[in-house]
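A.B. asks: Dropping the structure in here first, questions after.
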There are 2 protein chains.
Amino acid sequence: MSEPAAIVALSGGVGGAKLALGLSRVVAGAELLVVANTGDDFEHLGLTICPDLDTVTYTLSGLANLELGWGRADETWGFMAALEQLGGETWFNLGDGDLALHLLRGERLARGDSLSSVTRAVTERLGIAARIVPMSDDPVRTYVRTADGPLAFQHYFVRDRCEPAVGGFEFRGIEGARPQAEFIAALAADDLRAVVITPSNPFVSIDPILELPGVRRALADAAAPIIAVSPIVGGQAIKGPAAKMMAELGMPGSALAVAEHYGGLLDGFVLDRVDGEQAEAVAALGLRPLVTGTVMRSLADREALARDVLAFADALRRVD
Amino acid sequence: MSEPAAIVALSGGVGGAKLALGLSRVVAGAELLVVANTGDDFEHLGLTICPDLDTVTYTLSGLANLELGWGRADETWGFMAALEQLGGETWFNLGDGDLALHLLRGERLARGDSLSSVTRAVTERLGIAARIVPMSDDPVRTYVRTADGPLAFQHYFVRDRCEPAVGGFEFRGIEGARPQAEFIAALAADDLRAVVITPSNPFVSIDPILELPGVRRALADAAAPIIAVSPIVGGQAIKGPAAKMMAELGMPGSALAVAEHYGGLLDGFVLDRVDGEQAEAVAALGLRPLVTGTVMRSLADREALARDVLAFADALRRVD
């Protein structure tokens, strides 16, 4: 029997997309299935906007705007300028080229296509060899609990710049949402090599995927090691509000706390070298730690981390 | 009693918008009500696009692209480039700034606002003093009859570049469509000074307005003169397929044929100097002719024609 080759990567936006890109460059295209969080999706100006799915798509196609961390490179902003002139809502920036994806998707969803099918058409058109799927074709919408009541995620994240203190999260619609079919099939398949939880925000990027009905069970039953990469390095999130959220939720803002948060779901946990002293405490949780460089500044960094994570998974599989 | 001041102008796109602009510059803002054809409107990429309404709006706000004859000046095309990259439908060009109006409108229509109310908000925001209203808040969709069956207007006009021979027209939904309330009120008001049928396409820009239930009756009952300006000059349409349509419909492509088409609806008919020899035949139809310069190249031309038309209306009113 050949070595198992399939990799499932759970991803939010920027950090997750970076590692997904690294993975896509060190394995054969179709071996990688990237499952993107859709809890951040929202309806705006009549469009269905899927920030994480699109960041992964733009990143793996080479179209991503690396300076902004979202949207397309070489973007223009004529739409936003005209929208402001007309008195429209301008708190969410939509680039002119980015709009094409939103309108194309909206039209196809409206005619009854699934988000998976639209995503497949777009990623194939853009020449992406890896498979990218939404975590579900059913809408799930993340709300952030605040002192003033629940806030739709993009209102919290973009409009209010993550300023409100977070008291918890709601993933509306998740009880009735089915995990995407290829995702669940990949977890159950014999050729599964690793499940990689990318260094995305545990609360709003990864938890919505994990909380879909049946996903935790499918992960527990999966034959391959499940490995998370810490999004917290040296007590800080590389990008985004993860560390701020942890403080507001009364958790230490540490890699170890992320490992505890995922807990028994994991087989291995990857920490940055600056957090090397937490490796023992991670091991004490019953997880195998890997200490390596996790900050992905260059493309070489992304590929190196991808190789480290896969080698770690292969080592864990042989030990078991 | 003061002189009646209100002017109702029926308009399609470019030619109509030119005269509407002229009128807006020679009378006080609120005295002018421009009624825009919405039979050209269509649904595309999930948007509701109103080409004539928007051309009038862009023209009267100074935003119009005078080179293209549609859309906004200083437009960028990042959306179309990305749409093509993604494999979307690219036969209908949508500029980046133009999209803002379509999305804003779509969002407000979806939440239950009327097309009139969205149009009022947009025109006020753009500082347009004249009132611009859609001919109806109920959808009417023009289809062009061809040998291959009925074609939705924009498919005929833009996608197929007016190539199919025209056998007639259908204004779908018109039986149940109510003329816009301000339009009908203005026709019945004591202060009506003139109704101006601008030099737009008689068949697809003006007839949809005239065929709305009650409009012909309201025009017949209106106290003010009804004047049409010929869109045909020297046997040619200044812009668009009017002359080609007339040939295909078995009509002479002449100003006189336009006068005959409108017939008893009119009190006066404005012909260009190059068609001056048709004035007698127009008079023989029972219409008062006015021969003047009707080709609007400059802003001064637009204002001059507007003044000529209004003076003509005032003269007709005093004669009656």
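By order in the structure tokens, chains are A, B, ...; within a chain, residues start at 1; ligands start at 1, following the order shown.
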Could you list, as a PyMOL selection string, every residue within 8 Å of Val14 (chain B), counting only C-alpha atoms and ignoring same-chain residues fewer than 4 positions away?
C.D. replies: chain B and resi 18+52+55-56+69-70+200+239
A.B. asks: Using only C-alpha atoms, determine which residues lie at most 8 Å from region 213-220 of chain B, disregarding the query and same-chain residues fewer than 5 positions distant; provide the list as a ChimeraX atom specification.
C.D. replies: /B:174-179,184,187-188,226,265
A.B. asks: Please produce, as JSON lines, a per-residue contact table for chain B versus chain A (criterion: any atom at most 12 Å away, only C-alpha atoms considered), showing the nearest atom pair and its distance in Å to one decimal, sorted by chain then residue number.
C.D. replies:
{"residue": "B:Glu43", "atom": "CA", "partner": "A:Glu107", "partner_atom": "CA", "distance": 10.3}
{"residue": "B:His44", "atom": "CA", "partner": "A:Glu107", "partner_atom": "CA", "distance": 8.3}
{"residue": "B:Leu45", "atom": "CA", "partner": "A:Glu107", "partner_atom": "CA", "distance": 5.2}
{"residue": "B:Gly46", "atom": "CA", "partner": "A:Glu107", "partner_atom": "CA", "distance": 5.2}
{"residue": "B:Leu47", "atom": "CA", "partner": "A:Leu103", "partner_atom": "CA", "distance": 8.5}
{"residue": "B:Thr48", "atom": "CA", "partner": "A:Gly46", "partner_atom": "CA", "distance": 11.2}
{"residue": "B:Thr57", "atom": "CA", "partner": "A:Leu86", "partner_atom": "CA", "distance": 11.8}
{"residue": "B:Tyr58", "atom": "CA", "partner": "A:Leu86", "partner_atom": "CA", "distance": 11.7}
{"residue": "B:Ser61", "atom": "CA", "partner": "A:Leu86", "partner_atom": "CA", "distance": 11.7}
{"residue": "B:Leu63", "atom": "CA", "partner": "A:Ala82", "partner_atom": "CA", "distance": 10.6}
{"residue": "B:Arg72", "atom": "CA", "partner": "A:Ala82", "partner_atom": "CA", "distance": 9.9}
{"residue": "B:Ala73", "atom": "CA", "partner": "A:Gly78", "partner_atom": "CA", "distance": 11.5}
{"residue": "B:Asp74", "atom": "CA", "partner": "A:Gly78", "partner_atom": "CA", "distance": 9.4}
{"residue": "B:Glu75", "atom": "CA", "partner": "A:Gly78", "partner_atom": "CA", "distance": 7.5}
{"residue": "B:Thr76", "atom": "CA", "partner": "A:Gly78", "partner_atom": "CA", "distance": 6.5}
{"residue": "B:Trp77", "atom": "CA", "partner": "A:Asp96", "partner_atom": "CA", "distance": 7.8}
{"residue": "B:Gly78", "atom": "CA", "partner": "A:Gly97", "partner_atom": "CA", "distance": 5.0}
{"residue": "B:Phe79", "atom": "CA", "partner": "A:Gly97", "partner_atom": "CA", "distance": 4.4}
{"residue": "B:Met80", "atom": "CA", "partner": "A:Ala100", "partner_atom": "CA", "distance": 7.2}
{"residue": "B:Ala81", "atom": "CA", "partner": "A:Gly97", "partner_atom": "CA", "distance": 7.2}
{"residue": "B:Ala82", "atom": "CA", "partner": "A:Gly97", "partner_atom": "CA", "distance": 5.0}
{"residue": "B:Leu83", "atom": "CA", "partner": "A:Ala100", "partner_atom": "CA", "distance": 4.9}
{"residue": "B:Glu84", "atom": "CA", "partner": "A:Ala100", "partner_atom": "CA", "distance": 8.6}
{"residue": "B:Gln85", "atom": "CA", "partner": "A:Leu126", "partner_atom": "CA", "distance": 7.7}
{"residue": "B:Leu86", "atom": "CA", "partner": "A:Arg125", "partner_atom": "CA", "distance": 6.1}
{"residue": "B:Gly87", "atom": "CA", "partner": "A:Arg125", "partner_atom": "CA", "distance": 7.1}
{"residue": "B:Gly88", "atom": "CA", "partner": "A:Leu104", "partner_atom": "CA", "distance": 6.4}
{"residue": "B:Glu89", "atom": "CA", "partner": "A:Leu104", "partner_atom": "CA", "distance": 8.6}
{"residue": "B:Thr90", "atom": "CA", "partner": "A:Ala100", "partner_atom": "CA", "distance": 10.6}
{"residue": "B:Leu94", "atom": "CA", "partner": "A:Ala100", "partner_atom": "CA", "distance": 10.5}
{"residue": "B:Gly95", "atom": "CA", "partner": "A:Phe79", "partner_atom": "CA", "distance": 8.3}
{"residue": "B:Asp96", "atom": "CA", "partner": "A:Phe79", "partner_atom": "CA", "distance": 4.8}
{"residue": "B:Gly97", "atom": "CA", "partner": "A:Phe79", "partner_atom": "CA", "distance": 4.4}
{"residue": "B:Asp98", "atom": "CA", "partner": "A:Phe79", "partner_atom": "CA", "distance": 7.3}
{"residue": "B:Leu99", "atom": "CA", "partner": "A:Phe79", "partner_atom": "CA", "distance": 6.3}
{"residue": "B:Ala100", "atom": "CA", "partner": "A:Leu83", "partner_atom": "CA", "distance": 4.9}
{"residue": "B:Leu101", "atom": "CA", "partner": "A:Leu83", "partner_atom": "CA", "distance": 7.1}
{"residue": "B:His102", "atom": "CA", "partner": "A:Leu45", "partner_atom": "CA", "distance": 9.7}
{"residue": "B:Leu103", "atom": "CA", "partner": "A:Leu45", "partner_atom": "CA", "distance": 5.9}
{"residue": "B:Leu104", "atom": "CA", "partner": "A:Gly88", "partner_atom": "CA", "distance": 6.4}
{"residue": "B:Arg105", "atom": "CA", "partner": "A:Leu45", "partner_atom": "CA", "distance": 8.9}
{"residue": "B:Gly106", "atom": "CA", "partner": "A:Gly46", "partner_atom": "CA", "distance": 6.7}
{"residue": "B:Glu107", "atom": "CA", "partner": "A:Leu45", "partner_atom": "CA", "distance": 5.2}
{"residue": "B:Arg108", "atom": "CA", "partner": "A:Leu45", "partner_atom": "CA", "distance": 8.6}
{"residue": "B:Leu109", "atom": "CA", "partner": "A:Gly46", "partner_atom": "CA", "distance": 9.9}
{"residue": "B:Ala110", "atom": "CA", "partner": "A:Gly46", "partner_atom": "CA", "distance": 7.8}
{"residue": "B:Arg111", "atom": "CA", "partner": "A:Gly46", "partner_atom": "CA", "distance": 9.7}
{"residue": "B:Val118", "atom": "CA", "partner": "A:Leu86", "partner_atom": "CA", "distance": 10.8}
{"residue": "B:Thr119", "atom": "CA", "partner": "A:Leu86", "partner_atom": "CA", "distance": 10.9}
{"residue": "B:Arg120", "atom": "CA", "partner": "A:Leu86", "partner_atom": "CA", "distance": 11.5}
{"residue": "B:Ala121", "atom": "CA", "partner": "A:Leu86", "partner_atom": "CA", "distance": 8.6}
{"residue": "B:Val122", "atom": "CA", "partner": "A:Leu86", "partner_atom": "CA", "distance": 6.2}
{"residue": "B:Thr123", "atom": "CA", "partner": "A:Leu86", "partner_atom": "CA", "distance": 8.9}
{"residue": "B:Glu124", "atom": "CA", "partner": "A:Leu86", "partner_atom": "CA", "distance": 9.4}
{"residue": "B:Arg125", "atom": "CA", "partner": "A:Leu86", "partner_atom": "CA", "distance": 6.2}
{"residue": "B:Leu126", "atom": "CA", "partner": "A:Leu86", "partner_atom": "CA", "distance": 7.0}
{"residue": "B:Gly127", "atom": "CA", "partner": "A:Leu86", "partner_atom": "CA", "distance": 10.5}
A.B. asks: Using DSSP secondary structure from the backbone, list all strand (DSSP E) positions within region 63-299 of chain B, as a ChimeraX atom specification.
C.D. replies: /B:131-134,141-146,149-152,168-172,192-197,226-229,232-233,236-237,268-272,288-292
A.B. asks: Need the shell around Ala6 (chain B): protein/DNA/RNA residues with any atom at most 8 Å away, counting only C-alpha atoms. Skip same-chain ones fewer than 5 positions apart. Format as a PyMOL selection string?
C.D. replies: chain B and resi 31-33+186+191-194
A.B. asks: Report, in Å to a single decimal, how far apart CA of Leu310 (chain A) and CA of Gly39 (chain A) are.
C.D. replies: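 Atom-to-atom, CA of Gly39 (chain A) and CA of Leu310 (chain A) are spaced 27.0 Å apart.
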A.B. asks: Per DSSP on the backbone, filter region 30-116 of chain B down to the residues in alpha helix (DSSP H) and report them as a ChimeraX atom specification.
C.D. replies: /B:51-61,78-85,96-110,115-116
A.B. asks: Enter the distance from CA of Gly16 (chain A) to CA of Thr198 (chain A), in Å, rounded to one decimal.
C.D. replies: 4.8 Å
A.B. asks: Excluding Ser11 (chain B) and its own-chain neighbours fewer than 6 positions away, which residues fall within 7 Å of it when counting only C-alpha atoms? Please give them as a list in words.
C.D. replies: Ala17, Val34, Val35, Ala36, Asn37, Ile197, Thr198, Ser200, Ser205 and Ile206 of chain B
A.B. asks: Which polymer residues have any atom within 6 Å of an atom of Asp267 (chain A), counting only C-alpha atoms, with same-chain residues fewer than 2 positions away left out, as a PyMOL selection string?
C.D. replies: chain A and resi 225-227+287
A.B. asks: With C-alpha atoms retained, could you export that selection as a PDB file, in the first residue's frame?
C.D. replies:
ATOM      1  CA  PRO A 225      -2.512  12.881  12.831  1.00  0.00           C
ATOM      2  CA  ILE A 226      -4.192  16.179  13.549  1.00  0.00           C
ATOM      3  CA  ILE A 227      -1.742  19.013  13.988  1.00  0.00           C
ATOM      4  CA  LEU A 287       0.106  16.489  22.753  1.00  0.00           C
TER       5      LEU A 287
END
A.B. asks: Find the spatial neighbours of Val233 (chain A), counting only C-alpha atoms, within a cut-off of 7 Å - ignore same-chain residues fewer than 3 positions away - and output them as a PyMOL selection string.
C.D. replies: chain A and resi 236-238+255+272+274-275
A.B. asks: Suppose we keep N, CA and C atoms; can you now write the selection as a PDB file, in the first residue's frame?
C.D. replies:
ATOM      1  N   GLN A 236       1.820  37.242  21.088  1.00  0.00           N
ATOM      2  CA  GLN A 236       1.099  38.114  20.158  1.00  0.00           C
ATOM      3  C   GLN A 236       0.535  37.291  19.003  1.00  0.00           C
ATOM      4  N   ALA A 237      -0.612  37.756  18.474  1.00  0.00           N
ATOM      5  CA  ALA A 237      -1.085  37.202  17.206  1.00  0.00           C
ATOM      6  C   ALA A 237      -0.272  37.843  16.093  1.00  0.00           C
ATOM      7  N   ILE A 238       0.141  37.036  15.131  1.00  0.00           N
ATOM      8  CA  ILE A 238       0.875  37.585  13.983  1.00  0.00           C
ATOM      9  C   ILE A 238       0.021  38.635  13.294  1.00  0.00           C
ATOM     10  N   ALA A 255       0.787  30.509  23.235  1.00  0.00           N
ATOM     11  CA  ALA A 255       0.645  29.336  22.382  1.00  0.00           C
ATOM     12  C   ALA A 255       0.050  28.182  23.185  1.00  0.00           C
ATOM     13  N   ASP A 272       6.303  28.243  17.871  1.00  0.00           N
ATOM     14  CA  ASP A 272       7.468  28.956  17.358  1.00  0.00           C
ATOM     15  C   ASP A 272       8.639  28.814  18.339  1.00  0.00           C
ATOM     16  N   VAL A 274      10.403  31.017  19.636  1.00  0.00           N
ATOM     17  CA  VAL A 274      10.388  31.973  20.758  1.00  0.00           C
ATOM     18  C   VAL A 274       9.516  31.462  21.909  1.00  0.00           C
ATOM     19  N   ASP A 275       8.669  30.481  21.618  1.00  0.00           N
ATOM     20  CA  ASP A 275       7.822  29.907  22.663  1.00  0.00           C
ATOM     21  C   ASP A 275       8.296  28.510  23.073  1.00  0.00           C
TER      22      ASP A 275
END
A.B. asks: Considering only C-alpha atoms, state which residue in the set A:Glu303, A:Asp138, A:Arg288, A:Ala189 is at the smallest distance from Val26 (chain A).
C.D. replies: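 Smallest separation from Val26 (chain A) among the options: A:Glu303.
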A.B. asks: Hey, what's within 12 Å of Arg161 (chain A) if we count only C-alpha atoms and toss same-chain stuff fewer than 6 positions away? As a PyMOL selection string, please?
C.D. replies: chain A and resi 91-92+153-155+240-241+244
A.B. asks: For the residues in that selection, give me C-alpha atoms as a JSON list (two decimals), in the first residue's frame.
C.D. replies:
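Saved the output as again33.json:
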[["chain", "number", "residue", "atom", "x", "y", "z"],
["A", 91, "TRP", "CA", -17.06, 50.85, 5.95],
["A", 92, "PHE", "CA", -16.26, 47.63, 4.07],
["A", 153, "PHE", "CA", -18.57, 39.41, 12.71],
["A", 154, "GLN", "CA", -17.67, 41.88, 9.97],
["A", 155, "HIS", "CA", -19.28, 44.68, 11.92],
["A", 240, "GLY", "CA", -5.70, 39.94, 13.86],
["A", 241, "PRO", "CA", -7.43, 40.00, 17.22],
["A", 244, "LYS", "CA", -6.87, 40.51, 22.36]]
A.B. asks: Could you tell me how far CA of Ser116 (chain A) lies from CA of Ser24 (chain A), in Å and to one decimal?
C.D. replies: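 According to the coordinates, CA of Ser116 (chain A) and CA of Ser24 (chain A) are separated by 19.1 Å.
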